[in-house]
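Enquirer: Compact mmCIF, C-alpha atoms and all ligand atoms, file upload_29.txt:
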# COMPACT_ATOMS: atom_id res chain seq x y z
CA MET Y 1 6.42 16.51 -3.09
CA ILE Y 2 4.95 13.34 -1.57
CA LYS Y 3 7.56 13.30 1.22
CA ASP Y 4 6.15 16.38 2.92
CA ILE Y 5 2.44 15.76 2.97
CA ILE Y 6 2.05 12.42 4.67
CA PHE Y 7 1.89 12.31 8.42
CA PRO Y 8 2.26 10.14 10.34
CA PRO Y 9 4.09 7.79 7.99
CA ARG Y 10 2.71 4.28 7.90
CA CYS Y 11 4.10 0.89 7.00
CA PRO Y 12 3.14 0.28 3.36
CA ILE Y 13 2.46 -3.35 4.16
CA CYS Y 14 0.42 -3.44 7.40
CA GLU Y 15 -0.34 0.30 7.84
CA ALA Y 16 1.18 0.48 11.35
CA ILE Y 17 2.75 3.83 12.20
CA VAL Y 18 6.49 3.90 11.48
CA SER Y 19 9.14 6.47 12.35
CA LYS Y 20 10.05 7.47 8.83
CA LEU Y 21 8.40 7.64 5.44
CA GLY Y 22 9.71 5.04 3.02
CA MET Y 23 10.19 2.23 5.49
CA ALA Y 24 8.23 -0.86 6.51
CA CYS Y 25 7.78 -1.82 10.16
CA ASP Y 26 10.25 -4.37 11.58
CA THR Y 27 7.79 -7.25 11.53
CA CYS Y 28 6.85 -6.73 7.89
CA LYS Y 29 10.44 -6.15 6.83
CA ASP Y 30 11.42 -9.58 8.12
CA ASN Y 31 8.49 -11.31 6.48
CA LEU Y 32 8.37 -9.80 3.01
CA PRO Y 33 8.76 -12.23 0.10
CA TYR Y 34 12.13 -10.98 -1.20
CA ILE Y 35 13.19 -12.94 -4.25
CA LYS Y 36 16.22 -15.08 -3.60
CA GLU Y 37 18.47 -17.27 -5.70
CA PRO Y 38 17.97 -19.40 -7.68
CA ARG Y 39 16.20 -17.00 -9.99
CA CYS Y 40 15.71 -16.69 -13.72
CA LYS Y 41 18.70 -14.98 -15.37
CA ARG Y 42 16.36 -13.13 -17.68
CA CYS Y 43 13.34 -11.94 -15.71
CA SER Y 44 14.44 -12.74 -12.14
CA LYS Y 45 11.44 -14.94 -11.31
CA PRO Y 46 12.31 -17.54 -8.70
CA ILE Y 47 13.04 -20.92 -10.23
CA GLY Y 48 13.11 -24.31 -8.59
CA ASN Y 49 16.15 -25.93 -10.10
CA GLU Y 50 19.58 -24.35 -9.78
CA GLU Y 51 20.71 -26.07 -12.96
CA THR Y 52 18.28 -24.16 -15.15
CA GLU Y 53 19.12 -20.66 -16.27
CA ASN Y 54 15.63 -19.46 -17.11
CA CYS Y 55 12.07 -19.78 -15.87
CA CYS Y 56 9.42 -21.60 -17.92
CA ASP Y 57 8.06 -18.33 -19.32
CA CYS Y 58 11.44 -17.18 -20.58
CA MET Y 59 12.18 -20.60 -22.05
CA ARG Y 60 8.87 -20.51 -23.90
CA LYS Y 61 9.17 -17.04 -25.30
CA GLU Y 62 11.92 -14.87 -26.70
CA PHE Y 63 11.65 -11.42 -25.13
CA HIS Y 64 13.13 -8.27 -26.61
CA TYR Y 65 14.37 -6.90 -23.32
CA THR Y 66 17.82 -7.91 -22.12
CA SER Y 67 17.00 -8.71 -18.51
CA GLY Y 68 15.24 -7.32 -15.49
CA LYS Y 69 14.86 -7.48 -11.74
CA ALA Y 70 12.03 -7.40 -9.24
CA VAL Y 71 12.16 -7.04 -5.48
CA TRP Y 72 9.32 -9.19 -4.18
CA ILE Y 73 7.16 -12.06 -5.25
CA TYR Y 74 3.64 -10.89 -5.99
CA ASN Y 75 1.90 -12.74 -3.17
CA LYS Y 76 -1.26 -11.81 -1.27
CA THR Y 77 0.48 -9.40 1.10
CA MET Y 78 2.16 -7.56 -1.75
CA SER Y 79 -0.96 -7.48 -3.88
CA GLN Y 80 -2.82 -5.78 -1.01
CA SER Y 81 -0.06 -3.22 -0.57
CA ILE Y 82 0.13 -2.49 -4.30
CA GLY Y 83 -3.67 -2.38 -4.45
CA ARG Y 84 -3.75 0.46 -1.91
CA PHE Y 85 -0.89 2.17 -3.72
CA LYS Y 86 -2.77 2.12 -7.01
CA TYR Y 87 -6.41 2.36 -6.08
CA GLN Y 88 -6.51 4.06 -2.67
CA ASN Y 89 -4.23 6.96 -3.41
CA LYS Y 90 -1.36 5.72 -1.23
CA GLN Y 91 1.12 7.48 -3.48
CA GLU Y 92 3.67 7.67 -0.68
CA TYR Y 93 4.25 3.90 -0.91
CA ALA Y 94 6.36 4.72 -3.95
CA VAL Y 95 9.05 5.92 -1.58
CA PHE Y 96 9.40 2.51 0.05
CA TYR Y 97 9.20 0.59 -3.23
CA GLY Y 98 11.62 2.92 -5.00
CA GLU Y 99 14.10 2.89 -2.16
CA GLU Y 100 14.12 -0.89 -2.00
CA ILE Y 101 14.74 -1.07 -5.74
CA SER Y 102 17.57 1.47 -5.41
CA ARG Y 103 19.13 -0.31 -2.44
CA LEU Y 104 19.03 -3.78 -3.98
CA TYR Y 105 19.68 -2.95 -7.61
CA GLY Y 106 21.59 0.32 -7.60
CA SER Y 107 24.81 -1.48 -8.46
CA TRP Y 108 23.07 -3.65 -11.04
CA ILE Y 109 21.84 -0.45 -12.72
CA LYS Y 110 25.39 0.93 -12.73
CA ASP Y 111 26.96 -2.35 -13.90
CA ASN Y 112 24.58 -2.42 -16.84
CA GLN Y 113 25.31 1.24 -17.57
CA ILE Y 114 21.65 2.16 -17.61
CA GLU Y 115 21.38 5.78 -18.71
CA ALA Y 116 17.71 6.58 -18.23
CA LEU Y 117 14.55 5.30 -16.52
CA ILE Y 118 11.26 5.04 -18.33
CA PRO Y 119 8.03 4.39 -16.40
CA VAL Y 120 5.61 2.05 -18.16
CA PRO Y 121 2.82 4.39 -19.24
CA ILE Y 122 -0.82 3.99 -18.36
CA HIS Y 123 -3.63 5.15 -20.58
CA LYS Y 124 -4.43 8.87 -20.35
CA ARG Y 125 -7.97 8.16 -19.20
CA LYS Y 126 -6.76 5.90 -16.41
CA LYS Y 127 -4.22 8.48 -15.37
CA SER Y 128 -6.79 11.20 -15.14
CA LEU Y 129 -9.14 8.97 -13.14
CA ARG Y 130 -6.42 7.84 -10.76
CA GLY Y 131 -4.58 11.13 -10.75
CA TYR Y 132 -1.18 9.56 -11.16
CA ASN Y 133 0.81 6.87 -12.91
CA GLN Y 134 2.09 4.58 -10.18
CA ALA Y 135 5.13 3.51 -12.23
CA GLU Y 136 6.14 7.12 -12.66
CA LEU Y 137 6.09 7.72 -8.90
CA ILE Y 138 8.40 4.76 -8.34
CA ALA Y 139 10.71 5.81 -11.16
CA HIS Y 140 10.89 9.28 -9.66
CA VAL Y 141 12.22 7.92 -6.36
CA ILE Y 142 14.85 5.75 -8.08
CA SER Y 143 15.85 8.62 -10.32
CA ASP Y 144 16.36 10.89 -7.29
CA ASN Y 145 18.29 8.27 -5.34
CA LEU Y 146 20.63 7.21 -8.10
CA GLU Y 147 20.73 10.41 -10.12
CA ILE Y 148 19.61 8.82 -13.35
CA PRO Y 149 17.37 10.82 -15.70
CA LEU Y 150 13.70 9.96 -15.74
CA LEU Y 151 11.94 10.19 -19.08
CA ARG Y 152 8.26 10.78 -18.63
CA THR Y 153 7.36 11.12 -22.22
CA GLY Y 154 8.30 9.19 -25.26
CA LEU Y 155 6.19 6.14 -24.75
CA GLU Y 156 2.47 6.45 -24.71
CA ARG Y 157 -0.25 3.94 -24.12
CA PHE Y 158 -2.83 4.62 -26.78
CA LYS Y 159 -4.92 1.50 -26.58
CA GLU Y 160 -6.95 0.65 -23.53
CA THR Y 161 -6.18 -2.99 -23.00
CA LYS Y 162 -8.41 -5.65 -21.50
CA PRO Y 163 -7.52 -6.79 -17.99
CA GLN Y 164 -4.75 -9.33 -18.43
CA LYS Y 165 -5.50 -11.64 -15.58
CA ASP Y 166 -8.07 -13.89 -17.25
CA LEU Y 167 -6.18 -14.32 -20.48
CA THR Y 168 -3.74 -17.01 -21.55
CA LEU Y 169 -0.13 -16.13 -22.32
CA SER Y 170 -0.68 -15.86 -26.06
CA GLU Y 171 -3.88 -13.87 -25.57
CA ARG Y 172 -2.00 -11.50 -23.30
CA MET Y 173 0.70 -10.97 -25.86
CA ARG Y 174 -1.91 -10.24 -28.51
CA ASN Y 175 -3.80 -7.93 -26.15
CA MET Y 176 -0.67 -5.87 -25.59
CA GLU Y 177 0.42 -5.74 -29.21
CA ALA Y 178 0.37 -2.20 -30.47
CA ALA Y 179 -0.82 -0.91 -27.12
CA PHE Y 180 2.16 1.39 -26.90
CA THR Y 181 3.40 3.96 -29.26
CA SER Y 182 6.32 6.29 -29.17
CA GLY Y 183 5.74 9.87 -30.02
CA LYS Y 184 8.34 12.48 -30.67
CA SER Y 185 10.91 11.79 -28.06
CA GLN Y 186 14.47 12.05 -27.02
CA ILE Y 187 14.64 8.39 -26.04
CA GLY Y 188 16.72 7.45 -29.08
CA VAL Y 189 19.71 9.35 -27.72
CA PHE Y 190 19.98 6.83 -24.89
CA ARG Y 191 21.62 3.50 -25.59
CA ARG Y 192 20.61 1.61 -22.48
CA VAL Y 193 17.39 2.25 -20.59
CA ALA Y 194 15.34 0.58 -17.88
CA LEU Y 195 11.57 0.35 -17.85
CA ILE Y 196 9.98 0.77 -14.45
CA ASP Y 197 6.69 -0.82 -13.39
CA ASP Y 198 4.88 -2.06 -10.31
CA ILE Y 199 4.06 -5.63 -11.35
CA TYR Y 200 5.48 -8.06 -13.87
CA THR Y 201 3.40 -11.15 -14.57
CA THR Y 202 3.83 -12.74 -17.99
CA GLY Y 203 6.05 -9.99 -19.33
CA SER Y 204 3.69 -8.98 -22.13
CA THR Y 205 3.60 -5.32 -21.06
CA MET Y 206 7.39 -5.10 -20.82
CA GLU Y 207 7.69 -6.88 -24.14
CA ALA Y 208 5.41 -4.39 -25.88
CA CYS Y 209 7.33 -1.43 -24.42
CA ALA Y 210 10.74 -2.96 -25.13
CA LYS Y 211 9.84 -3.48 -28.78
CA GLU Y 212 8.84 0.19 -29.13
CA LEU Y 213 12.04 1.39 -27.47
CA LEU Y 214 14.23 -0.75 -29.72
CA LYS Y 215 12.40 0.69 -32.72
CA LEU Y 216 13.42 4.13 -31.50
CA GLY Y 217 17.06 3.16 -31.61
CA VAL Y 218 17.75 2.19 -28.01
CA ASP Y 219 20.32 -0.66 -27.89
CA GLU Y 220 19.36 -2.45 -24.70
CA VAL Y 221 16.17 -2.40 -22.67
CA TYR Y 222 16.15 -3.58 -19.05
CA PHE Y 223 13.38 -3.49 -16.49
CA LEU Y 224 12.89 -3.01 -12.77
CA CYS Y 225 9.69 -3.96 -10.99
CA VAL Y 226 8.39 -3.91 -7.49
CA CYS Y 227 6.78 -7.36 -7.74
CA ILE Y 228 6.90 -10.31 -10.04
CA GLY Y 229 4.52 -13.24 -10.37
CA THR Y 230 5.79 -16.78 -10.17
CA SER Y 231 6.31 -18.78 -13.31
CA VAL Y 232 3.33 -20.85 -14.50
ZN ZN Y 301 4.20 -3.47 8.78
ZN ZN Y 302 12.21 -15.69 -16.65
Hey, can you dump this file as C-alpha cells for me?
Expert:
Amino acid sequence: MIKDIIFPPRCPICEAIVSKLGMACDTCKDNLPYIKEPRCKRCSKPIGNEETENCCDCMRKEFHYTSGKAVWIYNKTMSQSIGRFKYQNKQEYAVFYGEEISRLYGSWIKDNQIEALIPVPIHKRKKSLRGYNQAELIAHVISDNLEIPLLRTGLERFKETKPQKDLTLSERMRNMEAAFTSGKSQIGVFRRVALIDDIYTTGSTMEACAKELLKLGVDEVYFLCVCIGTSV
C-alpha cells in the first residue's frame, strides 16, 4: 500500500518534508486556494455574484449529473502538484487529496446517500504507460476513510480522446461523446453514486460518464474532484 513505501513524507504542494504522509506543510495549508462561498450550486465553481445560483457553464449547459464538489481551484500551484501526481509517479499525493475530500465532503456524501464511488477511467494504454489511474488512487483513500464501496470496473474508456485544453466547450463535449462505455457491471444495483476525478474543467468528462451511468440504471450521479477550473 502507498502508505508504507514513501519516506520521508513530503508536502504535496512544495515538497518540503512533513511529519506525516497525507498532509501539507503549514505554509502551504494556509495558502491553498480552497473554494469558498459563493459557489455554483451545481458544480461548485466559485461564482462572483451571490444572487446567482449557477456558474456560466452550468447556465449554458444542462448536465446529467445532479451536483458535485471540488476542494481547490485549479490554479498554478495546484496544477504543478497534480502534474507531479500524474506524471512523476507521486502516487502518495492521493492520500492528501483523498483525505481533504473526505474531511470537507464526508457529510455531503452521507447527506446525499451516496452508495458507491466510481473513479473516472483512463484509457488502458495510458494506464499501462503511467502505471496507475490517478482517480482510482484518490477514490481508494475516500473509500477507506468513509467506508463506501469503490467500483473499479463498470465504466471503461475505450476511445483515446484529444487533449481537451485547446478545444472550445462544444468541441470538448463532442470529443468526449462516446468515449466511455459500460461493460458488464454491478453498477446498476446502486441508486446513487459519485464519480471521482482529479480535475474538472468544463465538465465534459463528467457529463460523458454520468450519461453512461444513468443508462445503466443509476438514479443520481454526483461527483467529487480535487480541483476545478474557474468558469469562463
Ligand atoms: Zn508545502
Ligand atoms: Zn457550475
Enquirer: When you count all atoms listed in the file, which of these residues is closest to Thr77 in chain Y: Y:Cys14, Y:Ile199, Y:Ile142, Y:Ile35?
Expert: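 Residue with the minimum atom-to-atom distance to Thr77 in chain Y: Y:Cys14.
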Enquirer: Would you mind listing what lies within 8 Å of range 126-137 of chain Y as a ChimeraX atom specification, with all atoms listed in the file counted and same-chain residues fewer than 2 positions away left out?
Expert: /Y:85-87,89,91,94,118-124,139-141,152,196-198
Enquirer: Keeping only C-alpha atoms, write the selected residues to a file as a PDB file, in the frame of the given file.
Expert:
ATOM      1  CA  PHE Y  85      -0.890   2.170  -3.720  1.00  0.00           C
ATOM      2  CA  LYS Y  86      -2.770   2.120  -7.010  1.00  0.00           C
ATOM      3  CA  TYR Y  87      -6.410   2.360  -6.080  1.00  0.00           C
ATOM      4  CA  ASN Y  89      -4.230   6.960  -3.410  1.00  0.00           C
ATOM      5  CA  GLN Y  91       1.120   7.480  -3.480  1.00  0.00           C
ATOM      6  CA  ALA Y  94       6.360   4.720  -3.950  1.00  0.00           C
ATOM      7  CA  ILE Y 118      11.260   5.040 -18.330  1.00  0.00           C
ATOM      8  CA  PRO Y 119       8.030   4.390 -16.400  1.00  0.00           C
ATOM      9  CA  VAL Y 120       5.610   2.050 -18.160  1.00  0.00           C
ATOM     10  CA  PRO Y 121       2.820   4.390 -19.240  1.00  0.00           C
ATOM     11  CA  ILE Y 122      -0.820   3.990 -18.360  1.00  0.00           C
ATOM     12  CA  HIS Y 123      -3.630   5.150 -20.580  1.00  0.00           C
ATOM     13  CA  LYS Y 124      -4.430   8.870 -20.350  1.00  0.00           C
ATOM     14  CA  ALA Y 139      10.710   5.810 -11.160  1.00  0.00           C
ATOM     15  CA  HIS Y 140      10.890   9.280  -9.660  1.00  0.00           C
ATOM     16  CA  VAL Y 141      12.220   7.920  -6.360  1.00  0.00           C
ATOM     17  CA  ARG Y 152       8.260  10.780 -18.630  1.00  0.00           C
ATOM     18  CA  ILE Y 196       9.980   0.770 -14.450  1.00  0.00           C
ATOM     19  CA  ASP Y 197       6.690  -0.820 -13.390  1.00  0.00           C
ATOM     20  CA  ASP Y 198       4.880  -2.060 -10.310  1.00  0.00           C
TER      21      ASP Y 198
END
Enquirer: Using all atoms listed in the file, which residues of the polymer chains come no farther than 12 Å from ligand ZN 302 (chain Y)? I'd like the answer as number ranges by chain.
Expert: Y: 38-48, 52-63, 65-70, 200-203, 228-232
Enquirer: Residues of chain Y within 9 Å of ligand ZN 301 (chain Y): nearest atom pair and distance (Å, one decimal) for each, counting only C-alpha atoms and all ligand atoms, sorted by chain and number, as a tab-separated table?
Expert:
residue	atom	partner	partner_atom	distance
Y:Arg10	CA	Y:ZN301	ZN	7.9
Y:Cys11	CA	Y:ZN301	ZN	4.7
Y:Pro12	CA	Y:ZN301	ZN	6.7
Y:Ile13	CA	Y:ZN301	ZN	4.9
Y:Cys14	CA	Y:ZN301	ZN	4.0
Y:Glu15	CA	Y:ZN301	ZN	6.0
Y:Ala16	CA	Y:ZN301	ZN	5.6
Y:Ile17	CA	Y:ZN301	ZN	8.2
Y:Val18	CA	Y:ZN301	ZN	8.2
Y:Met23	CA	Y:ZN301	ZN	8.9
Y:Ala24	CA	Y:ZN301	ZN	5.3
Y:Cys25	CA	Y:ZN301	ZN	4.2
Y:Asp26	CA	Y:ZN301	ZN	6.7
Y:Thr27	CA	Y:ZN301	ZN	5.9
Y:Cys28	CA	Y:ZN301	ZN	4.3
Y:Lys29	CA	Y:ZN301	ZN	7.1
Enquirer: May I have the residues from that selection written out with C-alpha atoms, as a compact mmCIF listing (two decimals), keeping the file's coordinate frame?
Expert:
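Contents of out09.txt, as written:
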# COMPACT_ATOMS: atom_id res chain seq x y z
CA ARG Y 10 2.71 4.28 7.90
CA CYS Y 11 4.10 0.89 7.00
CA PRO Y 12 3.14 0.28 3.36
CA ILE Y 13 2.46 -3.35 4.16
CA CYS Y 14 0.42 -3.44 7.40
CA GLU Y 15 -0.34 0.30 7.84
CA ALA Y 16 1.18 0.48 11.35
CA ILE Y 17 2.75 3.83 12.20
CA VAL Y 18 6.49 3.90 11.48
CA MET Y 23 10.19 2.23 5.49
CA ALA Y 24 8.23 -0.86 6.51
CA CYS Y 25 7.78 -1.82 10.16
CA ASP Y 26 10.25 -4.37 11.58
CA THR Y 27 7.79 -7.25 11.53
CA CYS Y 28 6.85 -6.73 7.89
CA LYS Y 29 10.44 -6.15 6.83
Enquirer: Of the candidates Y:Gly106, Y:Leu151, Y:Ile114, Y:His64, which one gets nearest to Leu214 in chain Y if we count only C-alpha atoms?
Expert: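 For Leu214 in chain Y, the nearest of the candidates is Y:His64.
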Enquirer: Work out how far CA of Ser143 in chain Y is from CA of Glu92 in chain Y, in Å to one decimal.
Expert: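 The value is 15.6 Å.
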Enquirer: Using only C-alpha atoms, pick whichever of Y:Glu115, Y:Glu147, Y:Glu207, Y:Glu212 has the shortest atom-to-atom distance to Arg191 in chain Y.
Expert: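 Ranking Y:Glu115, Y:Glu147, Y:Glu207, Y:Glu212 by distance to Arg191 in chain Y, first place goes to Y:Glu115.
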Enquirer: Looking at Y:Asn31, Y:Gln80, Y:Ser107, Y:Asn145, which one is nearest to Tyr93 in chain Y, with distances taken over only C-alpha atoms?
Expert: Y:Gln80
